[in-house]
Amino acid sequence: MIPGSTVSSYFRHMRPLLKIFFIGMLISFLGSLPLATMNVAAIQISISEGITQAILFSLGSLTVEMVYVRISVVAISWIQRQKKLFRILEYVTLLIVLALAASSFYAALHPEQQKNVVLSSTLPKFLLGAAMCAVSPGQIPFWLGWSTVLFTKKILLPRNDNYNAYIAGIGIGTFIGNCLFIFGGMLIANSISRNQDIVSWVIGGIFLATAFLQVWQMSRRKKRHKKFIDTEELKEKMEKKFDKLIHKRD
């Protein structure tokens, strides 16, 4: 029989881990809801190649996201020094988004094509999702900001068990958010199955809007000589969001 003190000690240890797990899951889920390159790409893959391929794509992207989060919580100072790398990745991401937009518009103009040329490449969907996520640096400031706030409030502690619970929650939250887009996209596509060109036009428009937004952010940052990752500004912004999040839950 397990002593009562051992059981209570176990639950005392698990309670903060469960807390950081659910906080990571909630932040990740809410962060995956706005339309962005990865979830829109998952929608298009689910429509053209099926749910299984879209899920593999999402699993590849969230695996890389989890690796990035792990790096961000243990190597914050190193990340801040990689200005040139992040600048290059921004341009690579912009080119990918423009290529996705062009492929979607091509599919809309050629209904017999139906598939996005970029997303229907021979590369396995898991690897495609991982590669696209790896060259998208936008998620790094997002997680760097949230992690800094959680460290400051002593919710996330610099320990492996905390990191593992946090990252596991992030992975599950992102996956749930992506599934909403994958299955929702399939429902919409099925309801307008005779007008697949409309879907391609809409998705192409979203990709193009994403590209314009990225160009605007890059030019704005350049004019203001602003760093890609400004820790203090991120911390202040994320603290406000965290306080709102907690108040809503209360």
# chains A, B, ... in the order shown; residues from 1 in each chain; ligands from 1
call {"tool": "closest_atom_pairs", "arguments": {"of": "region 158-224 of chain A", "to": "region 22-29 of chain A", "cutoff": "10 Å", "atoms": "only C-alpha atoms", "output": "JSON lines"}}
result
{"residue": "A:Ala165", "atom": "CA", "partner": "A:Gly24", "partner_atom": "CA", "distance": 8.2}
{"residue": "A:Tyr166", "atom": "CA", "partner": "A:Gly24", "partner_atom": "CA", "distance": 5.2}
{"residue": "A:Ile167", "atom": "CA", "partner": "A:Gly24", "partner_atom": "CA", "distance": 7.0}
{"residue": "A:Ala168", "atom": "CA", "partner": "A:Met25", "partner_atom": "CA", "distance": 7.8}
{"residue": "A:Gly169", "atom": "CA", "partner": "A:Met25", "partner_atom": "CA", "distance": 4.1}
{"residue": "A:Ile170", "atom": "CA", "partner": "A:Met25", "partner_atom": "CA", "distance": 4.6}
{"residue": "A:Gly171", "atom": "CA", "partner": "A:Met25", "partner_atom": "CA", "distance": 7.2}
{"residue": "A:Ile172", "atom": "CA", "partner": "A:Met25", "partner_atom": "CA", "distance": 6.2}
{"residue": "A:Gly173", "atom": "CA", "partner": "A:Met25", "partner_atom": "CA", "distance": 4.2}
{"residue": "A:Thr174", "atom": "CA", "partner": "A:Phe29", "partner_atom": "CA", "distance": 5.2}
{"residue": "A:Phe175", "atom": "CA", "partner": "A:Phe29", "partner_atom": "CA", "distance": 7.9}
{"residue": "A:Ile176", "atom": "CA", "partner": "A:Phe29", "partner_atom": "CA", "distance": 6.7}
{"residue": "A:Gly177", "atom": "CA", "partner": "A:Phe29", "partner_atom": "CA", "distance": 5.2}
{"residue": "A:Asn178", "atom": "CA", "partner": "A:Phe29", "partner_atom": "CA", "distance": 8.5}
call {"tool": "residues_around", "arguments": {"residues": "Cys179 (chain A)", "least_positions_apart": "4", "cutoff": "9 Å", "atoms": "only C-alpha atoms", "output": "tab-separated table (two decimals) with C-alpha atoms, in the first residue's frame"}}
result
chain	number	residue	atom	x	y	z
A	39	ASN	CA	-2.88	26.63	-41.00
A	42	ALA	CA	-3.04	22.70	-43.93
A	54	ALA	CA	-2.96	17.49	-43.78
A	55	ILE	CA	-2.51	15.99	-40.30
A	58	SER	CA	0.59	19.73	-39.16
A	174	THR	CA	-1.28	23.65	-31.75
A	175	PHE	CA	-2.54	20.28	-32.99
A	183	PHE	CA	-11.75	19.61	-40.65
A	184	GLY	CA	-13.41	23.02	-41.03
call {"tool": "closest_residue", "arguments": {"among": "A:Pro16, A:Leu35, A:Glu65, A:Ala130", "to": "Arg159 (chain A)", "atoms": "only C-alpha atoms"}}
result
A:Pro16
call {"tool": "closest_residue", "arguments": {"among": "A:Ser72, A:Lys19, A:Ser48, A:Met14", "to": "Gly145 (chain A)", "atoms": "only C-alpha atoms"}}
result
A:Ser72
call {"tool": "closest_residue", "arguments": {"among": "A:Arg220, A:Leu213, A:Leu18, A:Ile47", "to": "Asn190 (chain A)", "atoms": "only C-alpha atoms"}}
result
A:Ile47
call {"tool": "closest_residue", "arguments": {"among": "A:Val73, A:Met66, A:Ala134, A:Leu123", "to": "Asn162 (chain A)", "atoms": "only C-alpha atoms"}}
result
A:Val73
call {"tool": "closest_residue", "arguments": {"among": "A:Lys125, A:Leu98, A:Phe21, A:Leu33", "to": "Phe181 (chain A)", "atoms": "only C-alpha atoms"}}
result
A:Leu33
call {"tool": "closest_residue", "arguments": {"among": "A:Pro124, A:Tyr91, A:Val202, A:Gly129", "to": "Ala107 (chain A)", "atoms": "only C-alpha atoms"}}
result
A:Val202
call {"tool": "select_by_dssp", "arguments": {"residues": "region 126-165 of chain A", "states": "helix (DSSP H, G or I)", "output": "ChimeraX atom specification"}}
result
/A:126-134,139-152,160-165
call {"tool": "atom_distance", "arguments": {"atom1": "CA of Thr148 (chain A)", "atom2": "CA of Arg15 (chain A)"}}
result
21.0 Å
call {"tool": "residues_around", "arguments": {"residues": "Val97 (chain A)", "least_positions_apart": "6", "cutoff": "10 Å", "atoms": "only C-alpha atoms", "output": "NGL selection string"}}
result
:A and (36-38 or 41 or 91 or 103 or 132 or 204 or 206-212 or 214)
call {"tool": "decode", "arguments": {"residues": "region 9-51 of chain A", "atoms": "C-alpha atoms", "output": "mmCIF file, in the first residue's frame"}}
result
data_model
loop_
_atom_site.group_PDB
_atom_site.id
_atom_site.type_symbol
_atom_site.label_atom_id
_atom_site.label_comp_id
_atom_site.auth_asym_id
_atom_site.auth_seq_id
_atom_site.Cartn_x
_atom_site.Cartn_y
_atom_site.Cartn_z
ATOM 1 C CA SER A 9 3.841 14.657 -2.214
ATOM 2 C CA TYR A 10 3.288 13.324 -5.741
ATOM 3 C CA PHE A 11 0.204 15.506 -6.304
ATOM 4 C CA ARG A 12 2.003 18.558 -4.903
ATOM 5 C CA HIS A 13 4.741 17.960 -7.447
ATOM 6 C CA MET A 14 2.305 17.364 -10.323
ATOM 7 C CA ARG A 15 0.023 20.367 -9.696
ATOM 8 C CA PRO A 16 2.432 23.063 -11.025
ATOM 9 C CA LEU A 17 3.341 20.805 -13.965
ATOM 10 C CA LEU A 18 -0.330 20.429 -14.894
ATOM 11 C CA LYS A 19 -0.738 24.192 -14.573
ATOM 12 C CA ILE A 20 2.127 24.949 -16.967
ATOM 13 C CA PHE A 21 0.895 22.178 -19.302
ATOM 14 C CA PHE A 22 -2.584 23.726 -19.595
ATOM 15 C CA ILE A 23 -1.222 27.288 -19.859
ATOM 16 C CA GLY A 24 1.079 26.198 -22.702
ATOM 17 C CA MET A 25 -1.825 24.393 -24.390
ATOM 18 C CA LEU A 26 -4.176 27.400 -24.055
ATOM 19 C CA ILE A 27 -1.628 29.920 -25.374
ATOM 20 C CA SER A 28 -0.729 27.630 -28.267
ATOM 21 C CA PHE A 29 -4.361 26.911 -29.158
ATOM 22 C CA LEU A 30 -5.337 30.601 -29.151
ATOM 23 C CA GLY A 31 -2.152 31.511 -31.037
ATOM 24 C CA SER A 32 -2.956 29.023 -33.807
ATOM 25 C CA LEU A 33 -6.462 30.413 -34.450
ATOM 26 C CA PRO A 34 -5.610 33.537 -36.524
ATOM 27 C CA LEU A 35 -5.183 32.754 -40.211
ATOM 28 C CA ALA A 36 -1.511 32.258 -41.024
ATOM 29 C CA THR A 37 0.663 30.480 -43.582
ATOM 30 C CA MET A 38 0.807 27.101 -41.843
ATOM 31 C CA ASN A 39 -2.876 26.629 -40.997
ATOM 32 C CA VAL A 40 -4.020 27.917 -44.404
ATOM 33 C CA ALA A 41 -1.572 25.507 -46.062
ATOM 34 C CA ALA A 42 -3.039 22.698 -43.928
ATOM 35 C CA ILE A 43 -6.545 23.639 -45.148
ATOM 36 C CA GLN A 44 -5.438 23.478 -48.774
ATOM 37 C CA ILE A 45 -3.714 20.111 -48.297
ATOM 38 C CA SER A 46 -6.813 18.672 -46.597
ATOM 39 C CA ILE A 47 -8.969 19.819 -49.524
ATOM 40 C CA SER A 48 -6.664 18.572 -52.292
ATOM 41 C CA GLU A 49 -5.037 15.490 -50.731
ATOM 42 C CA GLY A 50 -7.154 14.476 -47.752
ATOM 43 C CA ILE A 51 -7.212 14.777 -43.984
#
